[in-house]
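Heads up, the thing below is written out as C-alpha cells.
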Amino acid sequence: MVGGMNGVLYPVVGFASCVMFIYMSFWDLTPHYVKEMEVGFVRRNGSQFMVDGRVLYVNGWNSYWLMDQAVEDYSRPRVRAMLHTGAKMGLTVCRTWAFNDGAYNALQISPGRFDDRVFKALDHVIVEAKRYGIRLLLSLVNNLQPFGGKTQYVKWAWEEGVGMSSSNDSFFYDPYIRRYFKKYVKTMLTRKNSITGIEYRNDPTIFAWELMNEPRCMSDPSGKYLQDWIEEMAGFVKLIDRNHLLTVGLEGFYSPKSPGKLDVNPGEWASVLGTDFIQNSKSSNIDFASVHIYPDQWLVGQPLETKLKFVEKWVVSHIDDGDKVLKKPVMFTEFGLSNMNKDFELSQRDKLYKTIFDIVYRSAKKNGAGAGTFIWQFMVGGMEEYNDDFGIVPWERPTTYRLITEQSCKLALIHRRDQLTRFERELCEKI
C-alpha cells in the first residue's frame, strides 16, 4: 500500500504541540509491558514458522513510517510509542520500510550513496523493536513511487546515461539497475548497527526480508521479467544472509499460469499484471508467501457482504495453495478497509479483520499454512500527514483493540499453552 500521500513531507512542529505529543505517546510506559525477546532466528519447517523449537503464528501490523520518523529528534518518540503499543496488544511482528530512495530524508541518496543519519534511524528502530519483543519484516524497495521506488532507480539510470528504457518496469530487466539494487541489498544486509555493533544479517530481531512492496510488471503480462528478477535477487539475498527468511511481497494475484485459480481473482485485470502468486512464491529461495487484501479497491461499488464473501474465498484459496502446492507458510501482510467508502462505518473494519483472523486461526489450529496477518496500518496520534484512508490509532477504538488482542492470545495458545511468557499469561487473562 501507500499511495500518493507519502511524498515529500516537511513537518513543522511547535514546541507546545511537541511536548503534548510526547506526553500522550508515553502513556503507561512501564517495564510491565516489556516482553522477553525470543533470542533465536525464525526458521521454516514446511508450512510453519519455528523459533527455538516452537511453532510461531504471527499477529502483526504495518507501520511503514518507523525509519522515517526515527530520523528527527522531535518525531523519534513515535517509534517507541508504536512498538510499545504493539507489544501491549500481544503483537509479534511489525512490517516496515527499510528503504527511502532519493526522497525527503532519503536513506539512499543516489546509487550506492547513503545518508548515515538515516541509517542510524533504522538502527534505532531495530533496537527499540528488540526492547519490546517485536520482530521486524523489512521491505527493501517499493513498486510504487512513494519513497522513491523502482521509479527512482530507473530515473538514476536514465540520468547517468546507462538506462535501457524510461519504463518503470525496466527496473526488473535492466542490468545496470539490477546492479544498483544488488549494491543496495548488500549494504543493507551487511550494515553494522551503530548502537549494538551487530550486522543486520546476524540480528534475530529481523523476522524476514521482503524483496519488494507489491511488485507488478504490467509491460510483461507473461511474467517472465518479474520471475527472473525474483530468482536472481532471492538467490543474491540468500548468498549474503542465510539466517533470515525471505518473501517476495506479492499482492497474491493469479495469472493464466494458474488457470484453475483465475476465478479467485477480483477481476480479469488482476491476471495481466505480470505476477503469479504460485509461480512467484515457488522459488526455492523464497521461504514464505505474502498476500494483500483490499476488497474495496478491488471490488469498487460492491456491498460489504459481497466484499466479505470475496475475502473469505481469497484467504482460503491462498492458504490452500500454501498447504497443497507451495508447502510454505502464507502471510496476509496487508489488509484494510478504506474510510472513503460510501456509508463507511468503523464497525465494518472490525468485520473485515475478524473474517481474516478467524480463517487464519482455523488454519493454524489444524497446523495449516495460514501463518499470520498484518493490518494496514497503525499510527500514533499527531501524525495525520502520514495517514491514508486505512490508518488507525489502535487505542482510539476499544472494540478494535480488543479484537486484535484476542487474536494474539488465540494464536499464542494453540501450541504453547504451557509455554507462555509471563507477559502473555497476564495479557490473555484479561481477555
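Identifiers in this document derive from the order of the C-alpha cells: chains are assigned A, B, ..., residues are numbered from 1 separately in each chain, and ligands are numbered from 1 in order of occurrence.
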
Residue set, region 40-165 of chain A restricted to alpha helix (DSSP H), as an mmCIF file with all heavy atoms, in the first residue's frame:
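Below is the file result14.cif, written as the result:
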data_model
loop_
_atom_site.group_PDB
_atom_site.id
_atom_site.type_symbol
_atom_site.label_atom_id
_atom_site.label_comp_id
_atom_site.auth_asym_id
_atom_site.auth_seq_id
_atom_site.Cartn_x
_atom_site.Cartn_y
_atom_site.Cartn_z
ATOM 1 N N LEU A 66 8.336 3.918 10.349
ATOM 2 C CA LEU A 66 9.202 3.898 11.542
ATOM 3 C C LEU A 66 10.569 4.522 11.281
ATOM 4 O O LEU A 66 11.036 5.361 12.057
ATOM 5 C CB LEU A 66 9.361 2.468 12.059
ATOM 6 C CG LEU A 66 8.106 1.785 12.613
ATOM 7 C CD1 LEU A 66 8.447 0.377 13.111
ATOM 8 C CD2 LEU A 66 7.475 2.607 13.729
ATOM 9 N N MET A 67 11.253 4.107 10.218
ATOM 10 C CA MET A 67 12.585 4.664 9.949
ATOM 11 C C MET A 67 12.501 6.162 9.697
ATOM 12 O O MET A 67 13.321 6.937 10.226
ATOM 13 C CB MET A 67 13.230 3.969 8.753
ATOM 14 C CG MET A 67 14.622 4.493 8.397
ATOM 15 S SD MET A 67 15.391 3.645 6.997
ATOM 16 C CE MET A 67 14.409 4.259 5.611
ATOM 17 N N ASP A 68 11.540 6.574 8.908
ATOM 18 C CA ASP A 68 11.398 7.987 8.582
ATOM 19 C C ASP A 68 11.190 8.831 9.837
ATOM 20 O O ASP A 68 11.783 9.904 9.987
ATOM 21 C CB ASP A 68 10.226 8.172 7.623
ATOM 22 C CG ASP A 68 10.086 9.606 7.151
ATOM 23 O OD1 ASP A 68 10.870 10.021 6.283
ATOM 24 O OD2 ASP A 68 9.196 10.314 7.664
ATOM 25 N N GLN A 69 10.373 8.330 10.759
ATOM 26 C CA GLN A 69 10.081 9.086 11.976
ATOM 27 C C GLN A 69 11.220 9.033 12.994
ATOM 28 O O GLN A 69 11.277 9.853 13.903
ATOM 29 C CB GLN A 69 8.795 8.561 12.611
ATOM 30 C CG GLN A 69 7.557 8.882 11.806
ATOM 31 C CD GLN A 69 7.246 10.375 11.811
ATOM 32 O OE1 GLN A 69 6.699 10.901 12.773
ATOM 33 N NE2 GLN A 69 7.601 11.057 10.739
ATOM 34 N N PRO A 77 10.151 9.784 19.352
ATOM 35 C CA PRO A 77 9.329 9.110 20.370
ATOM 36 C C PRO A 77 8.141 8.343 19.795
ATOM 37 O O PRO A 77 7.622 7.428 20.451
ATOM 38 C CB PRO A 77 8.854 10.267 21.259
ATOM 39 C CG PRO A 77 9.911 11.323 21.113
ATOM 40 C CD PRO A 77 10.353 11.218 19.682
ATOM 41 N N ARG A 78 7.709 8.685 18.598
ATOM 42 C CA ARG A 78 6.595 7.961 17.992
ATOM 43 C C ARG A 78 6.953 6.492 17.752
ATOM 44 O O ARG A 78 6.086 5.617 17.801
ATOM 45 C CB ARG A 78 6.203 8.622 16.667
ATOM 46 C CG ARG A 78 5.592 10.003 16.833
ATOM 47 C CD ARG A 78 5.442 10.702 15.505
ATOM 48 N NE ARG A 78 4.737 11.979 15.645
ATOM 49 C CZ ARG A 78 4.692 12.916 14.729
ATOM 50 N NH1 ARG A 78 5.337 12.743 13.577
ATOM 51 N NH2 ARG A 78 4.015 14.027 14.931
ATOM 52 N N VAL A 79 8.210 6.235 17.446
ATOM 53 C CA VAL A 79 8.652 4.866 17.194
ATOM 54 C C VAL A 79 8.467 4.019 18.450
ATOM 55 O O VAL A 79 7.869 2.936 18.410
ATOM 56 C CB VAL A 79 10.120 4.842 16.728
ATOM 57 C CG1 VAL A 79 10.617 3.417 16.599
ATOM 58 C CG2 VAL A 79 10.270 5.600 15.407
ATOM 59 N N ARG A 80 8.964 4.520 19.566
ATOM 60 C CA ARG A 80 8.823 3.777 20.813
ATOM 61 C C ARG A 80 7.357 3.621 21.198
ATOM 62 O O ARG A 80 6.928 2.549 21.639
ATOM 63 C CB ARG A 80 9.594 4.464 21.941
ATOM 64 C CG ARG A 80 9.464 3.751 23.286
ATOM 65 C CD ARG A 80 10.327 4.374 24.356
ATOM 66 N NE ARG A 80 11.750 4.170 24.064
ATOM 67 C CZ ARG A 80 12.730 4.547 24.888
ATOM 68 N NH1 ARG A 80 12.445 5.162 26.029
ATOM 69 N NH2 ARG A 80 13.980 4.324 24.565
ATOM 70 N N ALA A 81 6.580 4.683 21.035
ATOM 71 C CA ALA A 81 5.162 4.621 21.395
ATOM 72 C C ALA A 81 4.435 3.558 20.575
ATOM 73 O O ALA A 81 3.600 2.820 21.102
ATOM 74 C CB ALA A 81 4.517 5.986 21.207
ATOM 75 N N MET A 82 4.760 3.465 19.280
ATOM 76 C CA MET A 82 4.090 2.488 18.423
ATOM 77 C C MET A 82 4.496 1.067 18.770
ATOM 78 O O MET A 82 3.658 0.159 18.865
ATOM 79 C CB MET A 82 4.420 2.782 16.955
ATOM 80 C CG MET A 82 3.635 1.936 15.954
ATOM 81 S SD MET A 82 1.881 2.364 15.898
ATOM 82 C CE MET A 82 1.155 1.140 16.969
ATOM 83 N N LEU A 83 5.774 0.835 18.960
ATOM 84 C CA LEU A 83 6.249 -0.509 19.290
ATOM 85 C C LEU A 83 5.752 -0.947 20.666
ATOM 86 O O LEU A 83 5.410 -2.110 20.880
ATOM 87 C CB LEU A 83 7.779 -0.557 19.212
ATOM 88 C CG LEU A 83 8.335 -0.370 17.789
ATOM 89 C CD1 LEU A 83 9.843 -0.144 17.837
ATOM 90 C CD2 LEU A 83 8.018 -1.577 16.906
ATOM 91 N N HIS A 84 5.693 0.010 21.581
ATOM 92 C CA HIS A 84 5.161 -0.277 22.912
ATOM 93 C C HIS A 84 3.701 -0.691 22.825
ATOM 94 O O HIS A 84 3.263 -1.670 23.459
ATOM 95 C CB HIS A 84 5.322 0.965 23.788
ATOM 96 C CG HIS A 84 4.555 0.928 25.061
ATOM 97 N ND1 HIS A 84 3.621 1.882 25.395
ATOM 98 C CD2 HIS A 84 4.547 0.034 26.081
ATOM 99 C CE1 HIS A 84 3.094 1.596 26.572
ATOM 100 N NE2 HIS A 84 3.629 0.483 27.007
ATOM 101 N N THR A 85 2.924 0.017 22.011
ATOM 102 C CA THR A 85 1.512 -0.316 21.849
ATOM 103 C C THR A 85 1.350 -1.707 21.239
ATOM 104 O O THR A 85 0.515 -2.505 21.678
ATOM 105 C CB THR A 85 0.806 0.730 20.977
ATOM 106 O OG1 THR A 85 0.890 2.008 21.618
ATOM 107 C CG2 THR A 85 -0.655 0.371 20.759
ATOM 108 N N GLY A 86 2.154 -2.001 20.217
ATOM 109 C CA GLY A 86 2.095 -3.331 19.611
ATOM 110 C C GLY A 86 2.383 -4.419 20.617
ATOM 111 O O GLY A 86 1.697 -5.453 20.657
ATOM 112 N N ALA A 87 3.377 -4.194 21.467
ATOM 113 C CA ALA A 87 3.720 -5.182 22.495
ATOM 114 C C ALA A 87 2.573 -5.380 23.469
ATOM 115 O O ALA A 87 2.258 -6.500 23.879
ATOM 116 C CB ALA A 87 4.984 -4.742 23.229
ATOM 117 N N LYS A 88 1.929 -4.284 23.856
ATOM 118 C CA LYS A 88 0.809 -4.374 24.793
ATOM 119 C C LYS A 88 -0.357 -5.170 24.219
ATOM 120 O O LYS A 88 -1.160 -5.745 24.966
ATOM 121 C CB LYS A 88 0.323 -2.974 25.166
ATOM 122 C CG LYS A 88 1.246 -2.215 26.106
ATOM 123 C CD LYS A 88 0.698 -0.839 26.423
ATOM 124 C CE LYS A 88 -0.632 -0.913 27.117
ATOM 125 N NZ LYS A 88 -1.129 0.434 27.509
ATOM 126 N N ASP A 116 24.116 8.369 6.415
ATOM 127 C CA ASP A 116 24.295 7.586 7.635
ATOM 128 C C ASP A 116 23.355 8.045 8.743
ATOM 129 O O ASP A 116 23.000 7.257 9.626
ATOM 130 C CB ASP A 116 25.747 7.680 8.113
ATOM 131 C CG ASP A 116 26.088 6.596 9.116
ATOM 132 O OD1 ASP A 116 25.892 5.409 8.788
ATOM 133 O OD2 ASP A 116 26.508 6.926 10.242
ATOM 134 N N ARG A 117 22.922 9.282 8.687
ATOM 135 C CA ARG A 117 21.951 9.775 9.667
ATOM 136 C C ARG A 117 20.649 8.974 9.590
ATOM 137 O O ARG A 117 20.043 8.639 10.612
ATOM 138 C CB ARG A 117 21.691 11.254 9.385
ATOM 139 C CG ARG A 117 20.713 11.948 10.310
ATOM 140 C CD ARG A 117 20.570 13.405 9.874
ATOM 141 N NE ARG A 117 19.999 13.479 8.534
ATOM 142 C CZ ARG A 117 18.775 13.919 8.270
ATOM 143 N NH1 ARG A 117 17.988 14.319 9.233
ATOM 144 N NH2 ARG A 117 18.342 13.963 7.029
ATOM 145 N N VAL A 118 20.231 8.628 8.371
ATOM 146 C CA VAL A 118 19.012 7.851 8.189
ATOM 147 C C VAL A 118 19.261 6.382 8.521
ATOM 148 O O VAL A 118 18.397 5.713 9.098
ATOM 149 C CB VAL A 118 18.477 8.016 6.755
ATOM 150 C CG1 VAL A 118 17.170 7.253 6.575
ATOM 151 C CG2 VAL A 118 18.283 9.493 6.429
ATOM 152 N N PHE A 119 20.442 5.878 8.187
ATOM 153 C CA PHE A 119 20.765 4.500 8.570
ATOM 154 C C PHE A 119 20.754 4.357 10.094
ATOM 155 O O PHE A 119 20.307 3.339 10.643
ATOM 156 C CB PHE A 119 22.129 4.082 8.008
ATOM 157 C CG PHE A 119 22.062 2.923 7.052
ATOM 158 C CD1 PHE A 119 22.830 2.913 5.895
ATOM 159 C CD2 PHE A 119 21.230 1.835 7.298
ATOM 160 C CE1 PHE A 119 22.772 1.853 4.999
ATOM 161 C CE2 PHE A 119 21.171 0.761 6.414
ATOM 162 C CZ PHE A 119 21.941 0.769 5.265
ATOM 163 N N LYS A 120 21.248 5.374 10.783
ATOM 164 C CA LYS A 120 21.220 5.328 12.242
ATOM 165 C C LYS A 120 19.787 5.340 12.768
ATOM 166 O O LYS A 120 19.503 4.776 13.836
ATOM 167 C CB LYS A 120 22.016 6.499 12.824
ATOM 168 C CG LYS A 120 23.529 6.319 12.686
ATOM 169 C CD LYS A 120 24.287 7.512 13.251
ATOM 170 C CE LYS A 120 25.796 7.283 13.136
ATOM 171 N NZ LYS A 120 26.575 8.461 13.616
ATOM 172 N N ALA A 121 18.877 5.956 12.011
ATOM 173 C CA ALA A 121 17.463 5.916 12.392
ATOM 174 C C ALA A 121 16.936 4.492 12.316
ATOM 175 O O ALA A 121 16.182 4.036 13.187
ATOM 176 C CB ALA A 121 16.652 6.838 11.488
ATOM 177 N N LEU A 122 17.318 3.751 11.275
ATOM 178 C CA LEU A 122 16.905 2.350 11.175
ATOM 179 C C LEU A 122 17.572 1.512 12.262
ATOM 180 O O LEU A 122 16.936 0.603 12.828
ATOM 181 C CB LEU A 122 17.244 1.800 9.783
ATOM 182 C CG LEU A 122 16.740 0.388 9.474
ATOM 183 C CD1 LEU A 122 15.234 0.272 9.687
ATOM 184 C CD2 LEU A 122 17.113 -0.009 8.043
ATOM 185 N N ASP A 123 18.821 1.816 12.589
ATOM 186 C CA ASP A 123 19.472 1.160 13.737
ATOM 187 C C ASP A 123 18.624 1.329 14.985
ATOM 188 O O ASP A 123 18.403 0.371 15.752
ATOM 189 C CB ASP A 123 20.856 1.781 13.996
ATOM 190 C CG ASP A 123 21.858 1.565 12.880
ATOM 191 O OD1 ASP A 123 21.627 0.692 12.029
ATOM 192 O OD2 ASP A 123 22.883 2.291 12.871
ATOM 193 N N HIS A 124 18.153 2.535 15.189
ATOM 194 C CA HIS A 124 17.338 2.854 16.364
ATOM 195 C C HIS A 124 16.029 2.055 16.364
ATOM 196 O O HIS A 124 15.611 1.524 17.401
ATOM 197 C CB HIS A 124 17.036 4.355 16.385
ATOM 198 C CG HIS A 124 16.094 4.783 17.461
ATOM 199 N ND1 HIS A 124 16.491 4.967 18.779
ATOM 200 C CD2 HIS A 124 14.758 5.044 17.427
ATOM 201 C CE1 HIS A 124 15.435 5.331 19.496
ATOM 202 N NE2 HIS A 124 14.385 5.385 18.707
ATOM 203 N N VAL A 125 15.393 1.947 15.208
ATOM 204 C CA VAL A 125 14.143 1.192 15.109
ATOM 205 C C VAL A 125 14.365 -0.263 15.511
ATOM 206 O O VAL A 125 13.570 -0.850 16.264
ATOM 207 C CB VAL A 125 13.585 1.266 13.672
ATOM 208 C CG1 VAL A 125 12.431 0.283 13.480
ATOM 209 C CG2 VAL A 125 13.132 2.687 13.353
ATOM 210 N N ILE A 126 15.451 -0.855 15.053
ATOM 211 C CA ILE A 126 15.743 -2.254 15.373
ATOM 212 C C ILE A 126 15.978 -2.425 16.863
ATOM 213 O O ILE A 126 15.468 -3.373 17.487
ATOM 214 C CB ILE A 126 16.947 -2.745 14.550
ATOM 215 C CG1 ILE A 126 16.582 -2.781 13.060
ATOM 216 C CG2 ILE A 126 17.417 -4.114 15.021
ATOM 217 C CD1 ILE A 126 17.749 -3.040 12.131
ATOM 218 N N VAL A 127 16.705 -1.513 17.469
ATOM 219 C CA VAL A 127 16.970 -1.587 18.905
ATOM 220 C C VAL A 127 15.676 -1.435 19.697
ATOM 221 O O VAL A 127 15.427 -2.172 20.665
ATOM 222 C CB VAL A 127 18.005 -0.518 19.317
ATOM 223 C CG1 VAL A 127 18.096 -0.413 20.840
ATOM 224 C CG2 VAL A 127 19.372 -0.856 18.728
ATOM 225 N N GLU A 128 14.836 -0.492 19.308
ATOM 226 C CA GLU A 128 13.565 -0.293 20.012
ATOM 227 C C GLU A 128 12.638 -1.501 19.841
ATOM 228 O O GLU A 128 11.919 -1.872 20.766
ATOM 229 C CB GLU A 128 12.879 0.973 19.502
ATOM 230 C CG GLU A 128 13.542 2.253 19.965
ATOM 231 C CD GLU A 128 13.460 2.430 21.473
ATOM 232 O OE1 GLU A 128 12.351 2.476 22.028
ATOM 233 O OE2 GLU A 128 14.537 2.500 22.105
ATOM 234 N N ALA A 129 12.656 -2.102 18.660
ATOM 235 C CA ALA A 129 11.831 -3.293 18.441
ATOM 236 C C ALA A 129 12.259 -4.416 19.378
ATOM 237 O O ALA A 129 11.420 -5.075 20.016
ATOM 238 C CB ALA A 129 11.939 -3.742 16.990
ATOM 239 N N LYS A 130 13.565 -4.627 19.493
ATOM 240 C CA LYS A 130 14.047 -5.673 20.399
ATOM 241 C C LYS A 130 13.646 -5.371 21.836
ATOM 242 O O LYS A 130 13.275 -6.277 22.601
ATOM 243 C CB LYS A 130 15.560 -5.807 20.280
ATOM 244 C CG LYS A 130 16.117 -6.918 21.162
ATOM 245 C CD LYS A 130 17.596 -7.118 20.950
ATOM 246 C CE LYS A 130 18.098 -8.275 21.804
ATOM 247 N NZ LYS A 130 19.558 -8.499 21.618
ATOM 248 N N ARG A 131 13.714 -4.114 22.213
ATOM 249 C CA ARG A 131 13.358 -3.706 23.574
ATOM 250 C C ARG A 131 11.946 -4.161 23.942
ATOM 251 O O ARG A 131 11.682 -4.545 25.080
ATOM 252 C CB ARG A 131 13.461 -2.181 23.667
ATOM 253 C CG ARG A 131 12.901 -1.564 24.954
ATOM 254 C CD ARG A 131 12.841 -0.048 24.826
ATOM 255 N NE ARG A 131 12.178 0.554 25.969
ATOM 256 C CZ ARG A 131 12.776 1.243 26.925
ATOM 257 N NH1 ARG A 131 14.078 1.420 26.888
ATOM 258 N NH2 ARG A 131 12.079 1.772 27.915
ATOM 259 N N GLY A 149 11.082 4.201 -4.799
ATOM 260 C CA GLY A 149 10.624 3.022 -5.504
ATOM 261 C C GLY A 149 11.387 2.735 -6.775
ATOM 262 O O GLY A 149 12.431 3.317 -7.062
ATOM 263 N N LYS A 150 10.836 1.821 -7.566
ATOM 264 C CA LYS A 150 11.526 1.430 -8.798
ATOM 265 C C LYS A 150 11.628 2.611 -9.764
ATOM 266 O O LYS A 150 12.575 2.675 -10.568
ATOM 267 C CB LYS A 150 10.813 0.250 -9.455
ATOM 268 C CG LYS A 150 9.423 0.519 -10.001
ATOM 269 C CD LYS A 150 8.803 -0.740 -10.601
ATOM 270 C CE LYS A 150 7.447 -0.447 -11.238
ATOM 271 N NZ LYS A 150 6.808 -1.675 -11.774
ATOM 272 N N THR A 151 10.700 3.563 -9.645
ATOM 273 C CA THR A 151 10.756 4.758 -10.495
ATOM 274 C C THR A 151 12.070 5.506 -10.303
ATOM 275 O O THR A 151 12.684 5.988 -11.267
ATOM 276 C CB THR A 151 9.572 5.685 -10.187
ATOM 277 O OG1 THR A 151 8.357 4.996 -10.451
ATOM 278 C CG2 THR A 151 9.632 6.949 -11.022
ATOM 279 N N GLN A 152 12.507 5.625 -9.044
ATOM 280 C CA GLN A 152 13.730 6.363 -8.750
ATOM 281 C C GLN A 152 14.954 5.648 -9.313
ATOM 282 O O GLN A 152 15.873 6.282 -9.830
ATOM 283 C CB GLN A 152 13.890 6.550 -7.243
ATOM 284 C CG GLN A 152 15.116 7.348 -6.837
ATOM 285 C CD GLN A 152 15.107 8.758 -7.385
ATOM 286 O OE1 GLN A 152 14.274 9.582 -7.016
ATOM 287 N NE2 GLN A 152 16.016 9.050 -8.302
ATOM 288 N N TYR A 153 14.986 4.319 -9.227
ATOM 289 C CA TYR A 153 16.104 3.563 -9.790
ATOM 290 C C TYR A 153 16.199 3.779 -11.299
ATOM 291 O O TYR A 153 17.295 3.961 -11.848
ATOM 292 C CB TYR A 153 15.931 2.072 -9.492
ATOM 293 C CG TYR A 153 16.366 1.649 -8.106
ATOM 294 C CD1 TYR A 153 15.496 1.708 -7.026
ATOM 295 C CD2 TYR A 153 17.659 1.164 -7.879
ATOM 296 C CE1 TYR A 153 15.883 1.304 -5.758
ATOM 297 C CE2 TYR A 153 18.063 0.756 -6.614
ATOM 298 C CZ TYR A 153 17.173 0.829 -5.554
ATOM 299 O OH TYR A 153 17.564 0.428 -4.299
ATOM 300 N N VAL A 154 15.063 3.749 -11.974
ATOM 301 C CA VAL A 154 15.054 3.963 -13.427
ATOM 302 C C VAL A 154 15.514 5.386 -13.748
ATOM 303 O O VAL A 154 16.286 5.605 -14.692
ATOM 304 C CB VAL A 154 13.647 3.692 -13.991
ATOM 305 C CG1 VAL A 154 13.573 4.081 -15.463
ATOM 306 C CG2 VAL A 154 13.268 2.232 -13.804
ATOM 307 N N LYS A 155 15.075 6.336 -12.957
ATOM 308 C CA LYS A 155 15.484 7.726 -13.156
ATOM 309 C C LYS A 155 16.990 7.876 -12.992
ATOM 310 O O LYS A 155 17.651 8.566 -13.786
ATOM 311 C CB LYS A 155 14.754 8.625 -12.168
ATOM 312 C CG LYS A 155 15.069 10.107 -12.323
ATOM 313 C CD LYS A 155 14.298 10.940 -11.299
ATOM 314 C CE LYS A 155 14.648 12.420 -11.431
ATOM 315 N NZ LYS A 155 13.933 13.245 -10.408
ATOM 316 N N TRP A 156 17.550 7.237 -11.976
ATOM 317 C CA TRP A 156 19.004 7.309 -11.773
ATOM 318 C C TRP A 156 19.752 6.759 -12.989
ATOM 319 O O TRP A 156 20.723 7.359 -13.462
ATOM 320 C CB TRP A 156 19.398 6.522 -10.529
ATOM 321 C CG TRP A 156 19.153 7.237 -9.239
ATOM 322 C CD1 TRP A 156 19.167 8.581 -9.016
ATOM 323 C CD2 TRP A 156 18.864 6.640 -7.966
ATOM 324 N NE1 TRP A 156 18.907 8.860 -7.696
ATOM 325 C CE2 TRP A 156 18.724 7.697 -7.026
ATOM 326 C CE3 TRP A 156 18.720 5.335 -7.523
ATOM 327 C CZ2 TRP A 156 18.448 7.469 -5.682
ATOM 328 C CZ3 TRP A 156 18.440 5.100 -6.183
ATOM 329 C CH2 TRP A 156 18.305 6.160 -5.280
ATOM 330 N N ALA A 157 19.321 5.608 -13.484
ATOM 331 C CA ALA A 157 19.991 5.004 -14.640
ATOM 332 C C ALA A 157 19.862 5.897 -15.869
ATOM 333 O O ALA A 157 20.812 6.060 -16.645
ATOM 334 C CB ALA A 157 19.410 3.619 -14.920
ATOM 335 N N TRP A 158 18.704 6.504 -16.046
ATOM 336 C CA TRP A 158 18.464 7.388 -17.190
ATOM 337 C C TRP A 158 19.345 8.626 -17.098
ATOM 338 O O TRP A 158 19.934 9.063 -18.097
ATOM 339 C CB TRP A 158 16.984 7.747 -17.221
ATOM 340 C CG TRP A 158 16.499 8.221 -18.560
ATOM 341 C CD1 TRP A 158 16.105 9.478 -18.888
ATOM 342 C CD2 TRP A 158 16.355 7.435 -19.738
ATOM 343 N NE1 TRP A 158 15.723 9.528 -20.206
ATOM 344 C CE2 TRP A 158 15.861 8.292 -20.762
ATOM 345 C CE3 TRP A 158 16.603 6.090 -20.044
ATOM 346 C CZ2 TRP A 158 15.621 7.842 -22.057
ATOM 347 C CZ3 TRP A 158 16.352 5.638 -21.339
ATOM 348 C CH2 TRP A 158 15.864 6.515 -22.317
ATOM 349 N N GLU A 159 19.455 9.180 -15.911
ATOM 350 C CA GLU A 159 20.285 10.383 -15.713
ATOM 351 C C GLU A 159 21.757 10.089 -15.928
ATOM 352 O O GLU A 159 22.515 10.972 -16.369
ATOM 353 C CB GLU A 159 20.058 10.934 -14.310
ATOM 354 C CG GLU A 159 18.694 11.571 -14.111
ATOM 355 C CD GLU A 159 18.430 11.965 -12.660
ATOM 356 O OE1 GLU A 159 19.189 11.527 -11.758
ATOM 357 O OE2 GLU A 159 17.464 12.718 -12.427
#

Q) Looking only at the backbone, which of the residues in region 211-367 of chain A does DSSP tag as strand (DSSP E or B), as a ChimeraX atom specification? A) /A:213,245-247,289-293,330-335

Q) Residues at most 7 Å from region 269-276 of chain A, counting only C-alpha atoms, excluding those fewer than 6 positions away in the same chain, as a list in words? A)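 The contact residues come out as Arg216, Cys217, Met218, Asp220, Pro221, Ser222, Gly223, Leu226, Phe253, Tyr254, Ser255 and Pro256 of chain A.
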
Q | Residue with smallest distance to Cys409 (chain A) - pool A:Pro394, A:Tyr57, A:Gly40, A:Val315, counting only C-alpha atoms | A |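 Selected residue with least distance to Cys409 (chain A): A:Tyr57.
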
**Q.** Pairwise distance for CA of Cys94 (chain A) and CA of Arg179 (chain A), rounded to one decimal in Å
**A.** 28.7 Å

**Q.** For Leu140 (chain A), the nearest of the candidates A:Leu245, A:Ile278, A:Met188, A:Ala70, counting only C-alpha atoms
**A.**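 Answer, going by the shortest atom-to-atom distance: A:Met188.
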
Q | Separation of CA of Phe335 (chain A) from CA of Ser63 (chain A), in Å and rounded to one decimal | A |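 Here the two named atoms are 12.7 Å from each other.
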
Q: Mind giving me the straight-line distance from CA of Phe172 (chain A) to CA of Asp228 (chain A) in Å, one decimal?
A: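 Rounded to one decimal, the two atoms are 8.2 Å apart.
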
Q: Write out as a list in words which residues come within 6 Å of region 372-385 of chain A when counting only C-alpha atoms, dropping same-chain ones fewer than 4 positions away.
A: Tyr57, Val58, Asn59, Gly60, Trp61, Asn62, Ser63, Met331, Phe332, Thr333, Glu334, Phe335, Gly336, Gly391, Ile392 and Val393 of chain A

Filtering to N, CA and C atoms, could you give me those residues as a short mmCIF file (atom, residue, chain, number, x, y, z; two decimals), in the first residue's frame?
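Wrote it out as selection20.cif, contents follow:
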data_model
loop_
_atom_site.label_atom_id
_atom_site.label_comp_id
_atom_site.auth_asym_id
_atom_site.auth_seq_id
_atom_site.Cartn_x
_atom_site.Cartn_y
_atom_site.Cartn_z
N TYR A 57 2.99 -18.47 15.27
CA TYR A 57 1.99 -17.83 14.42
C TYR A 57 2.04 -16.34 14.69
N VAL A 58 1.90 -15.56 13.64
CA VAL A 58 2.16 -14.12 13.72
C VAL A 58 0.86 -13.34 13.73
N ASN A 59 0.68 -12.51 14.75
CA ASN A 59 -0.31 -11.44 14.70
C ASN A 59 0.48 -10.15 14.64
N GLY A 60 0.49 -9.52 13.49
CA GLY A 60 1.36 -8.37 13.28
C GLY A 60 0.63 -7.16 12.75
N TRP A 61 1.40 -6.17 12.35
CA TRP A 61 0.82 -4.94 11.82
C TRP A 61 1.82 -4.20 10.96
N ASN A 62 1.33 -3.24 10.20
CA ASN A 62 2.16 -2.37 9.38
C ASN A 62 2.28 -0.99 10.01
N SER A 63 3.49 -0.51 10.14
CA SER A 63 3.79 0.91 10.38
C SER A 63 4.97 1.24 9.48
N MET A 331 1.41 -15.62 4.58
CA MET A 331 1.17 -14.48 5.47
C MET A 331 0.35 -13.42 4.72
N PHE A 332 -0.69 -12.94 5.38
CA PHE A 332 -1.51 -11.88 4.82
C PHE A 332 -0.96 -10.56 5.35
N THR A 333 -0.02 -9.99 4.56
CA THR A 333 0.85 -8.94 5.08
C THR A 333 0.30 -7.52 4.92
N GLU A 334 -0.84 -7.37 4.27
CA GLU A 334 -1.56 -6.10 4.26
C GLU A 334 -3.04 -6.38 4.06
N PHE A 335 -3.87 -5.72 4.83
CA PHE A 335 -5.31 -5.72 4.55
C PHE A 335 -5.94 -4.55 5.28
N GLY A 336 -7.01 -4.03 4.66
CA GLY A 336 -7.67 -2.90 5.28
C GLY A 336 -8.94 -2.54 4.53
N GLY A 391 -5.58 4.01 7.88
CA GLY A 391 -4.84 4.05 9.12
C GLY A 391 -5.73 4.13 10.35
N ILE A 392 -5.24 3.52 11.44
CA ILE A 392 -5.94 3.59 12.72
C ILE A 392 -4.94 3.84 13.84
N VAL A 393 -5.40 4.53 14.86
CA VAL A 393 -4.66 4.63 16.13
C VAL A 393 -5.31 3.60 17.03
#

Q: Rank A:Gly133, A:Pro204, A:Gly249, A:Pro111 by their smallest atom-to-atom distance to Thr187 (chain A), using only C-alpha atoms, and report the top residue only.
A: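 With only C-alpha atoms as the atom set, the closest residue is A:Pro111.
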